[in-house]
Amino acid sequence: PAAVIVAIDGPAGTGKSSTSKAVAAKLGLGYLDTGAQYRAITWWMLTNGIDVNDATAVADAAAKPQIVSGTDPAAPTIAVDGLDAAAPIRTQEVTAAVSAVSAVPEVRARITDLQRTIAAEAPNGIVVEGRDIGITVLPDADLKVFLTASAEARAARRSGELKGKEAADLAATREALIKRDAADSSRKTSPLAKADDAVEVDTTELTLEQVIECVVTLIEGAS
Ligand code: C5P
């Protein structure tokens, strides 16, 4: 059978990563976390002293870091210049800076190229999750899913992923999440948006298992 390409987009905390990984593992597909790539380039900018609010400086440096994504859904990896970046890209510092970096067109062009190459080379197909996959990165995907959830549900889920002190501060998590979604949805280049031909799934009242089941059924119907 031909390789199946699945695009899963949506705001933060809708269960994109958990759903995409589980669906890919179930169907023997690759998995690409495009948010991890934007976080990786953001981490490189921060560690190399680039002012993330200086779009010109970010654009000038956009081609410098080498970013490599491992697409096994059971053990996805992200490396920057040969260093394992899985932990440092999840810090609050990176999370707070990523929307500014990912709004820079030179950054998007570079990361989009990487994403298309990875998708084209996936032997059995791939589940690609992000913000602009269905509209910009893979407009010819076999299936496009747009996941949503209420702000309360998204903040509660994200808070559950964080540890200790960070998890305790649900209100701050909610504020940070809403701010990041607003920035991602309002940027000029490739904003977060639902493709016209994407299937919208509101996950507010669904368990993770139900969302996985739903997406698997949609893929089986599409391929
Ligand atoms: O998915 P995650 O929350 O890790 O994404 C981190 C950030 O990366 C997003 O808030 C957004 O700014 C950026 N991003 C993007 N386009 C994508 C995926 C992520 O701009 N396809």
# chains A, B, ... in the order shown; residues from 1 in each chain; ligands from 1
call {"tool": "residues_near_ligand", "arguments": {"ligand": "ligand 1", "cutoff": "9 Å", "atoms": "only C-alpha atoms and all ligand atoms", "output": "ChimeraX atom specification"}}
result
/A:9-13,16-17,33-39,42,89-90,94-103,108,111-112,128-133,136-137,177,180-181,183-185,190-192
call {"tool": "residues_around", "arguments": {"residues": "Ala153 of chain A", "least_positions_apart": "2", "cutoff": "8 Å", "atoms": "only C-alpha atoms", "output": "NGL selection string"}}
result
:A and (13-14 or 149-151 or 155-157 or 204)
call {"tool": "write_last_selection", "arguments": {"atoms": "N, CA and C atoms", "output": "mmCIF file, in the first residue's frame"}}
result
data_model
loop_
_atom_site.group_PDB
_atom_site.id
_atom_site.type_symbol
_atom_site.label_atom_id
_atom_site.label_comp_id
_atom_site.auth_asym_id
_atom_site.auth_seq_id
_atom_site.Cartn_x
_atom_site.Cartn_y
_atom_site.Cartn_z
ATOM 1 N N GLY A 13 -2.061 21.717 24.106
ATOM 2 C CA GLY A 13 -2.845 21.077 25.160
ATOM 3 C C GLY A 13 -4.093 20.364 24.675
ATOM 4 N N THR A 14 -4.201 20.124 23.367
ATOM 5 C CA THR A 14 -5.373 19.417 22.842
ATOM 6 C C THR A 14 -5.116 17.914 22.742
ATOM 7 N N ALA A 149 -9.996 21.904 22.060
ATOM 8 C CA ALA A 149 -10.495 21.604 23.407
ATOM 9 C C ALA A 149 -10.682 22.942 24.102
ATOM 10 N N SER A 150 -11.501 22.966 25.120
ATOM 11 C CA SER A 150 -11.715 24.213 25.865
ATOM 12 C C SER A 150 -10.402 24.645 26.524
ATOM 13 N N ALA A 151 -10.277 25.946 26.793
ATOM 14 C CA ALA A 151 -9.061 26.461 27.442
ATOM 15 C C ALA A 151 -8.837 25.788 28.792
ATOM 16 N N ALA A 155 -5.471 23.672 29.672
ATOM 17 C CA ALA A 155 -4.595 24.081 30.773
ATOM 18 C C ALA A 155 -4.434 22.939 31.776
ATOM 19 N N ALA A 156 -5.527 22.223 32.059
ATOM 20 C CA ALA A 156 -5.462 21.116 33.015
ATOM 21 C C ALA A 156 -4.546 20.008 32.495
ATOM 22 N N ARG A 157 -4.640 19.710 31.197
ATOM 23 C CA ARG A 157 -3.791 18.663 30.620
ATOM 24 C C ARG A 157 -2.331 19.066 30.643
ATOM 25 N N THR A 204 -12.537 17.979 24.235
ATOM 26 C CA THR A 204 -12.825 18.416 25.618
ATOM 27 C C THR A 204 -13.427 17.300 26.465
#
call {"tool": "residues_around", "arguments": {"residues": "Val201 of chain A", "least_positions_apart": "6", "cutoff": "8 Å", "atoms": "only C-alpha atoms", "output": "ChimeraX atom specification"}}
result
/A:145-148
call {"tool": "write_last_selection", "arguments": {"atoms": "N, CA and C atoms", "output": "mmCIF file, in the first residue's frame"}}
result
data_model
loop_
_atom_site.group_PDB
_atom_site.id
_atom_site.type_symbol
_atom_site.label_atom_id
_atom_site.label_comp_id
_atom_site.auth_asym_id
_atom_site.auth_seq_id
_atom_site.Cartn_x
_atom_site.Cartn_y
_atom_site.Cartn_z
ATOM 1 N N VAL A 145 -6.458 16.389 10.379
ATOM 2 C CA VAL A 145 -7.282 16.449 11.589
ATOM 3 C C VAL A 145 -6.945 17.748 12.306
ATOM 4 N N PHE A 146 -7.969 18.435 12.820
ATOM 5 C CA PHE A 146 -7.746 19.630 13.628
ATOM 6 C C PHE A 146 -8.324 19.380 15.010
ATOM 7 N N LEU A 147 -7.454 19.272 16.008
ATOM 8 C CA LEU A 147 -7.898 18.991 17.366
ATOM 9 C C LEU A 147 -8.138 20.290 18.123
ATOM 10 N N THR A 148 -9.253 20.345 18.854
ATOM 11 C CA THR A 148 -9.548 21.505 19.703
ATOM 12 C C THR A 148 -9.922 20.988 21.095
#
call {"tool": "closest_residue", "arguments": {"among": "A:Arg110, A:Lys144, A:Lys26, A:Lys64", "to": "Glu200 of chain A", "atoms": "only C-alpha atoms"}}
result
A:Lys144
call {"tool": "atom_distance", "arguments": {"atom1": "atom CA of Val58 of chain A", "atom2": "atom CA of Asp113 of chain A"}}
result
17.4 Å
call {"tool": "select_by_dssp", "arguments": {"residues": "segment 6-222 of chain A", "states": "alpha helix (DSSP H)", "output": "mmCIF file with N, CA and C atoms, in the first residue's frame"}}
result
data_model
loop_
_atom_site.group_PDB
_atom_site.id
_atom_site.type_symbol
_atom_site.label_atom_id
_atom_site.label_comp_id
_atom_site.auth_asym_id
_atom_site.auth_seq_id
_atom_site.Cartn_x
_atom_site.Cartn_y
_atom_site.Cartn_z
ATOM 1 N N LYS A 16 -2.447 16.612 20.928
ATOM 2 C CA LYS A 16 -1.851 16.304 19.620
ATOM 3 C C LYS A 16 -0.721 15.282 19.708
ATOM 4 N N SER A 17 0.216 15.505 20.628
ATOM 5 C CA SER A 17 1.396 14.630 20.694
ATOM 6 C C SER A 17 1.021 13.222 21.135
ATOM 7 N N SER A 18 0.258 13.120 22.222
ATOM 8 C CA SER A 18 -0.118 11.787 22.723
ATOM 9 C C SER A 18 -0.913 11.033 21.673
ATOM 10 N N THR A 19 -1.855 11.727 21.031
ATOM 11 C CA THR A 19 -2.684 11.098 20.004
ATOM 12 C C THR A 19 -1.841 10.667 18.814
ATOM 13 N N SER A 20 -1.016 11.580 18.310
ATOM 14 C CA SER A 20 -0.235 11.303 17.103
ATOM 15 C C SER A 20 0.718 10.134 17.304
ATOM 16 N N LYS A 21 1.398 10.112 18.453
ATOM 17 C CA LYS A 21 2.347 9.026 18.743
ATOM 18 C C LYS A 21 1.634 7.679 18.796
ATOM 19 N N ALA A 22 0.494 7.651 19.495
ATOM 20 C CA ALA A 22 -0.233 6.388 19.667
ATOM 21 C C ALA A 22 -0.787 5.896 18.332
ATOM 22 N N VAL A 23 -1.322 6.813 17.536
ATOM 23 C CA VAL A 23 -1.886 6.440 16.239
ATOM 24 C C VAL A 23 -0.778 5.908 15.330
ATOM 25 N N ALA A 24 0.359 6.598 15.308
ATOM 26 C CA ALA A 24 1.484 6.175 14.464
ATOM 27 C C ALA A 24 1.978 4.791 14.877
ATOM 28 N N ALA A 25 2.089 4.562 16.192
ATOM 29 C CA ALA A 25 2.559 3.263 16.682
ATOM 30 C C ALA A 25 1.584 2.157 16.292
ATOM 31 N N LYS A 26 0.286 2.436 16.437
ATOM 32 C CA LYS A 26 -0.750 1.440 16.106
ATOM 33 C C LYS A 26 -0.713 1.036 14.647
ATOM 34 N N LEU A 27 -0.472 2.017 13.762
ATOM 35 C CA LEU A 27 -0.576 1.763 12.322
ATOM 36 C C LEU A 27 0.781 1.545 11.651
ATOM 37 N N THR A 34 6.553 18.532 15.053
ATOM 38 C CA THR A 34 7.148 19.738 14.463
ATOM 39 C C THR A 34 7.344 20.843 15.504
ATOM 40 N N GLY A 35 6.549 20.805 16.579
ATOM 41 C CA GLY A 35 6.755 21.755 17.668
ATOM 42 C C GLY A 35 8.146 21.571 18.284
ATOM 43 N N ALA A 36 8.585 20.314 18.368
ATOM 44 C CA ALA A 36 9.918 20.030 18.929
ATOM 45 C C ALA A 36 11.003 20.674 18.061
ATOM 46 N N GLN A 37 10.784 20.724 16.747
ATOM 47 C CA GLN A 37 11.771 21.349 15.862
ATOM 48 C C GLN A 37 11.838 22.863 16.093
ATOM 49 N N TYR A 38 10.662 23.499 16.253
ATOM 50 C CA TYR A 38 10.660 24.944 16.545
ATOM 51 C C TYR A 38 11.249 25.220 17.928
ATOM 52 N N ARG A 39 10.985 24.331 18.858
ATOM 53 C CA ARG A 39 11.578 24.475 20.189
ATOM 54 C C ARG A 39 13.100 24.307 20.103
ATOM 55 N N ALA A 40 13.548 23.370 19.260
ATOM 56 C CA ALA A 40 14.987 23.101 19.137
ATOM 57 C C ALA A 40 15.727 24.320 18.579
ATOM 58 N N ILE A 41 15.172 24.935 17.554
ATOM 59 C CA ILE A 41 15.842 26.101 16.968
ATOM 60 C C ILE A 41 15.792 27.270 17.958
ATOM 61 N N THR A 42 14.714 27.345 18.745
ATOM 62 C CA THR A 42 14.590 28.384 19.778
ATOM 63 C C THR A 42 15.637 28.180 20.872
ATOM 64 N N TRP A 43 15.812 26.943 21.285
ATOM 65 C CA TRP A 43 16.823 26.610 22.306
ATOM 66 C C TRP A 43 18.214 27.000 21.808
ATOM 67 N N TRP A 44 18.492 26.714 20.525
ATOM 68 C CA TRP A 44 19.795 27.081 19.953
ATOM 69 C C TRP A 44 19.979 28.604 19.982
ATOM 70 N N MET A 45 18.932 29.350 19.624
ATOM 71 C CA MET A 45 19.019 30.828 19.635
ATOM 72 C C MET A 45 19.334 31.323 21.055
ATOM 73 N N LEU A 46 18.640 30.773 22.042
ATOM 74 C CA LEU A 46 18.836 31.206 23.434
ATOM 75 C C LEU A 46 20.241 30.867 23.916
ATOM 76 N N THR A 47 20.717 29.668 23.602
ATOM 77 C CA THR A 47 22.041 29.270 24.109
ATOM 78 C C THR A 47 23.173 29.964 23.343
ATOM 79 N N ALA A 55 13.937 39.999 15.159
ATOM 80 C CA ALA A 55 13.601 39.118 14.033
ATOM 81 C C ALA A 55 14.724 39.059 12.996
ATOM 82 N N THR A 56 15.459 40.145 12.834
ATOM 83 C CA THR A 56 16.560 40.153 11.866
ATOM 84 C C THR A 56 17.690 39.232 12.333
ATOM 85 N N ALA A 57 18.012 39.319 13.614
ATOM 86 C CA ALA A 57 19.070 38.455 14.162
ATOM 87 C C ALA A 57 18.657 36.982 14.084
ATOM 88 N N VAL A 58 17.391 36.706 14.379
ATOM 89 C CA VAL A 58 16.892 35.327 14.311
ATOM 90 C C VAL A 58 16.933 34.831 12.860
ATOM 91 N N ALA A 59 16.511 35.691 11.927
ATOM 92 C CA ALA A 59 16.522 35.310 10.505
ATOM 93 C C ALA A 59 17.952 35.032 10.038
ATOM 94 N N ASP A 60 18.887 35.875 10.434
ATOM 95 C CA ASP A 60 20.286 35.699 10.016
ATOM 96 C C ASP A 60 20.883 34.394 10.530
ATOM 97 N N ALA A 61 20.401 33.938 11.698
ATOM 98 C CA ALA A 61 20.965 32.732 12.315
ATOM 99 C C ALA A 61 20.176 31.468 11.963
ATOM 100 N N GLN A 92 10.481 26.229 30.575
ATOM 101 C CA GLN A 92 9.583 27.393 30.449
ATOM 102 C C GLN A 92 10.229 28.500 29.634
ATOM 103 N N GLU A 93 11.558 28.619 29.722
ATOM 104 C CA GLU A 93 12.280 29.650 28.979
ATOM 105 C C GLU A 93 12.090 29.454 27.471
ATOM 106 N N VAL A 94 12.217 28.216 27.024
ATOM 107 C CA VAL A 94 12.021 27.918 25.600
ATOM 108 C C VAL A 94 10.549 28.095 25.225
ATOM 109 N N THR A 95 9.657 27.601 26.070
ATOM 110 C CA THR A 95 8.224 27.713 25.782
ATOM 111 C C THR A 95 7.806 29.179 25.624
ATOM 112 N N ALA A 96 8.382 30.050 26.455
ATOM 113 C CA ALA A 96 8.024 31.469 26.402
ATOM 114 C C ALA A 96 8.599 32.155 25.155
ATOM 115 N N ALA A 97 9.688 31.617 24.592
ATOM 116 C CA ALA A 97 10.359 32.273 23.467
ATOM 117 C C ALA A 97 9.975 31.695 22.107
ATOM 118 N N VAL A 98 9.357 30.508 22.100
ATOM 119 C CA VAL A 98 9.191 29.777 20.830
ATOM 120 C C VAL A 98 8.259 30.481 19.841
ATOM 121 N N SER A 99 7.226 31.155 20.320
ATOM 122 C CA SER A 99 6.299 31.801 19.382
ATOM 123 C C SER A 99 6.989 32.915 18.605
ATOM 124 N N ALA A 100 7.876 33.663 19.263
ATOM 125 C CA ALA A 100 8.593 34.751 18.582
ATOM 126 C C ALA A 100 9.521 34.191 17.507
ATOM 127 N N VAL A 101 10.237 33.126 17.849
ATOM 128 C CA VAL A 101 11.185 32.540 16.884
ATOM 129 C C VAL A 101 10.435 31.909 15.713
ATOM 130 N N SER A 102 9.344 31.199 16.015
ATOM 131 C CA SER A 102 8.638 30.474 14.951
ATOM 132 C C SER A 102 7.822 31.412 14.056
ATOM 133 N N PRO A 105 9.821 34.301 9.171
ATOM 134 C CA PRO A 105 9.658 33.553 7.923
ATOM 135 C C PRO A 105 10.860 32.679 7.549
ATOM 136 N N GLU A 106 12.084 33.158 7.791
ATOM 137 C CA GLU A 106 13.283 32.372 7.452
ATOM 138 C C GLU A 106 13.348 31.094 8.291
ATOM 139 N N VAL A 107 12.895 31.183 9.536
ATOM 140 C CA VAL A 107 12.854 29.997 10.401
ATOM 141 C C VAL A 107 11.829 29.017 9.851
ATOM 142 N N ARG A 108 10.659 29.513 9.502
ATOM 143 C CA ARG A 108 9.595 28.643 9.002
ATOM 144 C C ARG A 108 9.996 27.971 7.693
ATOM 145 N N ALA A 109 10.634 28.732 6.790
ATOM 146 C CA ALA A 109 11.029 28.169 5.497
ATOM 147 C C ALA A 109 11.996 27.009 5.716
ATOM 148 N N ARG A 110 12.940 27.224 6.602
ATOM 149 C CA ARG A 110 13.962 26.205 6.860
ATOM 150 C C ARG A 110 13.336 24.952 7.474
ATOM 151 N N ILE A 111 12.500 25.145 8.506
ATOM 152 C CA ILE A 111 11.910 23.999 9.208
ATOM 153 C C ILE A 111 10.894 23.284 8.312
ATOM 154 N N THR A 112 10.157 24.055 7.513
ATOM 155 C CA THR A 112 9.191 23.453 6.591
ATOM 156 C C THR A 112 9.893 22.527 5.593
ATOM 157 N N ASP A 113 11.029 22.956 5.057
ATOM 158 C CA ASP A 113 11.827 22.110 4.153
ATOM 159 C C ASP A 113 12.203 20.792 4.801
ATOM 160 N N LEU A 114 12.686 20.887 6.035
ATOM 161 C CA LEU A 114 13.068 19.697 6.794
ATOM 162 C C LEU A 114 11.879 18.747 6.926
ATOM 163 N N GLN A 115 10.725 19.324 7.268
ATOM 164 C CA GLN A 115 9.516 18.526 7.502
ATOM 165 C C GLN A 115 9.086 17.802 6.227
ATOM 166 N N ARG A 116 9.139 18.499 5.103
ATOM 167 C CA ARG A 116 8.724 17.871 3.833
ATOM 168 C C ARG A 116 9.662 16.744 3.451
ATOM 169 N N THR A 117 10.969 16.938 3.679
ATOM 170 C CA THR A 117 11.939 15.888 3.371
ATOM 171 C C THR A 117 11.674 14.658 4.232
ATOM 172 N N ILE A 118 11.467 14.881 5.531
ATOM 173 C CA ILE A 118 11.226 13.755 6.450
ATOM 174 C C ILE A 118 9.956 13.008 6.039
ATOM 175 N N ALA A 119 8.896 13.740 5.703
ATOM 176 C CA ALA A 119 7.629 13.099 5.321
ATOM 177 C C ALA A 119 7.794 12.302 4.026
ATOM 178 N N ALA A 120 8.529 12.870 3.071
ATOM 179 C CA ALA A 120 8.701 12.201 1.778
ATOM 180 C C ALA A 120 9.513 10.925 1.921
ATOM 181 N N GLU A 121 10.403 10.883 2.924
ATOM 182 C CA GLU A 121 11.295 9.727 3.066
ATOM 183 C C GLU A 121 10.744 8.657 3.999
ATOM 184 N N ALA A 151 -10.277 25.946 26.793
ATOM 185 C CA ALA A 151 -9.061 26.461 27.442
ATOM 186 C C ALA A 151 -8.837 25.788 28.792
ATOM 187 N N GLU A 152 -9.920 25.508 29.510
ATOM 188 C CA GLU A 152 -9.810 24.865 30.831
ATOM 189 C C GLU A 152 -9.204 23.461 30.687
ATOM 190 N N ALA A 153 -9.743 22.700 29.738
ATOM 191 C CA ALA A 153 -9.252 21.333 29.542
ATOM 192 C C ALA A 153 -7.790 21.350 29.098
ATOM 193 N N ARG A 154 -7.442 22.291 28.241
ATOM 194 C CA ARG A 154 -6.068 22.345 27.734
ATOM 195 C C ARG A 154 -5.086 22.713 28.848
ATOM 196 N N ALA A 155 -5.471 23.672 29.672
ATOM 197 C CA ALA A 155 -4.595 24.081 30.773
ATOM 198 C C ALA A 155 -4.434 22.939 31.776
ATOM 199 N N ALA A 156 -5.527 22.223 32.059
ATOM 200 C CA ALA A 156 -5.462 21.116 33.015
ATOM 201 C C ALA A 156 -4.546 20.008 32.495
ATOM 202 N N ARG A 157 -4.640 19.710 31.197
ATOM 203 C CA ARG A 157 -3.791 18.663 30.620
ATOM 204 C C ARG A 157 -2.331 19.066 30.643
ATOM 205 N N ARG A 158 -2.058 20.288 30.216
ATOM 206 C CA ARG A 158 -0.669 20.760 30.177
ATOM 207 C C ARG A 158 -0.093 20.793 31.586
ATOM 208 N N SER A 159 -0.906 21.214 32.520
ATOM 209 C CA SER A 159 -0.475 21.288 33.906
ATOM 210 C C SER A 159 -0.124 19.898 34.431
ATOM 211 N N GLY A 160 -0.901 18.912 34.014
ATOM 212 C CA GLY A 160 -0.635 17.538 34.430
ATOM 213 C C GLY A 160 0.679 17.004 33.896
ATOM 214 N N GLU A 161 1.170 17.568 32.771
ATOM 215 C CA GLU A 161 2.437 17.122 32.184
ATOM 216 C C GLU A 161 3.621 17.757 32.906
ATOM 217 N N GLY A 164 5.671 19.327 39.849
ATOM 218 C CA GLY A 164 5.849 20.111 41.061
ATOM 219 C C GLY A 164 5.252 21.503 41.014
ATOM 220 N N LYS A 165 6.099 22.490 41.221
ATOM 221 C CA LYS A 165 5.674 23.868 41.369
ATOM 222 C C LYS A 165 4.924 24.357 40.126
ATOM 223 N N GLU A 166 5.443 24.008 38.942
ATOM 224 C CA GLU A 166 4.820 24.457 37.693
ATOM 225 C C GLU A 166 3.400 23.917 37.572
ATOM 226 N N ALA A 167 3.220 22.655 37.951
ATOM 227 C CA ALA A 167 1.912 22.017 37.836
ATOM 228 C C ALA A 167 0.902 22.677 38.763
ATOM 229 N N ALA A 168 1.386 23.115 39.915
ATOM 230 C CA ALA A 168 0.499 23.699 40.912
ATOM 231 C C ALA A 168 -0.139 24.986 40.401
ATOM 232 N N LEU A 170 -1.975 26.393 38.012
ATOM 233 C CA LEU A 170 -2.885 26.175 36.893
ATOM 234 C C LEU A 170 -3.242 27.477 36.186
ATOM 235 N N ALA A 171 -3.465 28.525 36.965
ATOM 236 C CA ALA A 171 -3.866 29.810 36.377
ATOM 237 C C ALA A 171 -2.766 30.370 35.484
ATOM 238 N N ALA A 172 -1.520 30.252 35.945
ATOM 239 C CA ALA A 172 -0.395 30.764 35.150
ATOM 240 C C ALA A 172 -0.226 29.939 33.881
ATOM 241 N N THR A 173 -0.412 28.631 33.995
ATOM 242 C CA THR A 173 -0.317 27.745 32.831
ATOM 243 C C THR A 173 -1.362 28.136 31.794
ATOM 244 N N ARG A 174 -2.581 28.391 32.280
ATOM 245 C CA ARG A 174 -3.682 28.757 31.398
ATOM 246 C C ARG A 174 -3.369 30.067 30.672
ATOM 247 N N GLU A 175 -2.861 31.044 31.415
ATOM 248 C CA GLU A 175 -2.528 32.345 30.819
ATOM 249 C C GLU A 175 -1.443 32.203 29.755
ATOM 250 N N ALA A 176 -0.389 31.432 30.086
ATOM 251 C CA ALA A 176 0.742 31.263 29.159
ATOM 252 C C ALA A 176 0.285 30.568 27.880
ATOM 253 N N LEU A 177 -0.601 29.595 28.051
ATOM 254 C CA LEU A 177 -1.113 28.818 26.919
ATOM 255 C C LEU A 177 -1.952 29.701 25.991
ATOM 256 N N ILE A 178 -2.816 30.510 26.594
ATOM 257 C CA ILE A 178 -3.693 31.385 25.813
ATOM 258 C C ILE A 178 -2.859 32.430 25.066
ATOM 259 N N LYS A 179 -1.826 32.926 25.734
ATOM 260 C CA LYS A 179 -0.948 33.917 25.120
ATOM 261 C C LYS A 179 -0.206 33.304 23.923
ATOM 262 N N ARG A 180 0.289 32.084 24.083
ATOM 263 C CA ARG A 180 1.047 31.421 23.018
ATOM 264 C C ARG A 180 0.125 31.120 21.827
ATOM 265 N N ASP A 181 -1.090 30.635 22.104
ATOM 266 C CA ASP A 181 -2.032 30.353 21.015
ATOM 267 C C ASP A 181 -2.400 31.626 20.265
ATOM 268 N N ALA A 182 -2.575 32.722 21.000
ATOM 269 C CA ALA A 182 -2.925 33.991 20.355
ATOM 270 C C ALA A 182 -1.795 34.428 19.437
ATOM 271 N N ALA A 183 -0.548 34.300 19.920
ATOM 272 C CA ALA A 183 0.606 34.667 19.092
ATOM 273 C C ALA A 183 0.693 33.759 17.868
ATOM 274 N N ASP A 184 0.519 32.452 18.061
ATOM 275 C CA ASP A 184 0.631 31.497 16.948
ATOM 276 C C ASP A 184 -0.491 31.684 15.926
ATOM 277 N N SER A 185 -1.672 32.114 16.394
ATOM 278 C CA SER A 185 -2.827 32.270 15.489
ATOM 279 C C SER A 185 -2.807 33.595 14.748
ATOM 280 N N SER A 186 -2.070 34.580 15.276
ATOM 281 C CA SER A 186 -2.137 35.916 14.679
ATOM 282 C C SER A 186 -0.885 36.281 13.884
ATOM 283 N N LEU A 208 -8.232 10.176 26.050
ATOM 284 C CA LEU A 208 -7.179 10.000 25.046
ATOM 285 C C LEU A 208 -7.481 8.784 24.171
ATOM 286 N N GLU A 209 -7.932 7.693 24.789
ATOM 287 C CA GLU A 209 -8.231 6.471 24.031
ATOM 288 C C GLU A 209 -9.310 6.728 22.980
ATOM 289 N N GLN A 210 -10.301 7.529 23.350
ATOM 290 C CA GLN A 210 -11.386 7.833 22.393
ATOM 291 C C GLN A 210 -10.866 8.668 21.226
ATOM 292 N N VAL A 211 -9.974 9.593 21.496
ATOM 293 C CA VAL A 211 -9.424 10.427 20.420
ATOM 294 C C VAL A 211 -8.576 9.568 19.475
ATOM 295 N N ILE A 212 -7.770 8.683 20.064
ATOM 296 C CA ILE A 212 -6.916 7.787 19.251
ATOM 297 C C ILE A 212 -7.792 6.938 18.334
ATOM 298 N N GLU A 213 -8.814 6.354 18.932
ATOM 299 C CA GLU A 213 -9.761 5.509 18.198
ATOM 300 C C GLU A 213 -10.385 6.275 17.029
ATOM 301 N N CYS A 214 -10.794 7.495 17.317
ATOM 302 C CA CYS A 214 -11.441 8.351 16.326
ATOM 303 C C CYS A 214 -10.498 8.622 15.159
ATOM 304 N N VAL A 215 -9.243 8.959 15.447
ATOM 305 C CA VAL A 215 -8.292 9.286 14.377
ATOM 306 C C VAL A 215 -7.937 8.033 13.572
ATOM 307 N N VAL A 216 -7.774 6.892 14.253
ATOM 308 C CA VAL A 216 -7.489 5.637 13.541
ATOM 309 C C VAL A 216 -8.617 5.331 12.565
ATOM 310 N N THR A 217 -9.862 5.495 13.018
ATOM 311 C CA THR A 217 -11.016 5.249 12.149
ATOM 312 C C THR A 217 -11.001 6.198 10.941
ATOM 313 N N LEU A 218 -10.669 7.450 11.180
ATOM 314 C CA LEU A 218 -10.606 8.425 10.084
ATOM 315 C C LEU A 218 -9.521 8.037 9.073
ATOM 316 N N ILE A 219 -8.373 7.564 9.559
ATOM 317 C CA ILE A 219 -7.283 7.174 8.655
ATOM 318 C C ILE A 219 -7.706 5.965 7.827
ATOM 319 N N GLU A 220 -8.340 5.010 8.482
ATOM 320 C CA GLU A 220 -8.776 3.811 7.758
ATOM 321 C C GLU A 220 -9.801 4.173 6.679
ATOM 322 N N GLY A 221 -10.604 5.178 6.970
ATOM 323 C CA GLY A 221 -11.585 5.622 5.987
ATOM 324 C C GLY A 221 -10.965 6.431 4.850
ATOM 325 N N ALA A 222 -9.803 7.029 5.128
ATOM 326 C CA ALA A 222 -9.185 7.921 4.134
ATOM 327 C C ALA A 222 -8.219 7.201 3.210
#
call {"tool": "atom_distance", "arguments": {"atom1": "atom CA of Ala2 of chain A", "atom2": "atom CA of Asp142 of chain A"}}
result
10.5 Å
call {"tool": "closest_residue", "arguments": {"among": "A:Asp72, A:Asp169, A:Asp196, A:Glu205", "to": "Gly28 of chain A", "atoms": "only C-alpha atoms"}}
result
A:Asp72
call {"tool": "atom_distance", "arguments": {"atom1": "atom CA of Thr71 of chain A", "atom2": "atom CA of Leu83 of chain A"}}
result
16.5 Å
call {"tool": "closest_residue", "arguments": {"among": "A:Ile50, A:Leu32, A:Ala74, A:Thr189", "to": "Val6 of chain A", "atoms": "only C-alpha atoms"}}
result
A:Leu32
call {"tool": "select_by_dssp", "arguments": {"residues": "chain A", "states": "strand (DSSP E)", "output": "count of residues only"}}
result
36
call {"tool": "closest_residue", "arguments": {"among": "A:Gly134, A:Thr91, A:Thr207, A:Gly125", "to": "Ser223 of chain A", "atoms": "only C-alpha atoms"}}
result
A:Gly125
call {"tool": "closest_residue", "arguments": {"among": "A:Asn53, A:Thr203, A:Gly15, A:Tyr31", "to": "Ile78 of chain A", "atoms": "only C-alpha atoms"}}
result
A:Tyr31
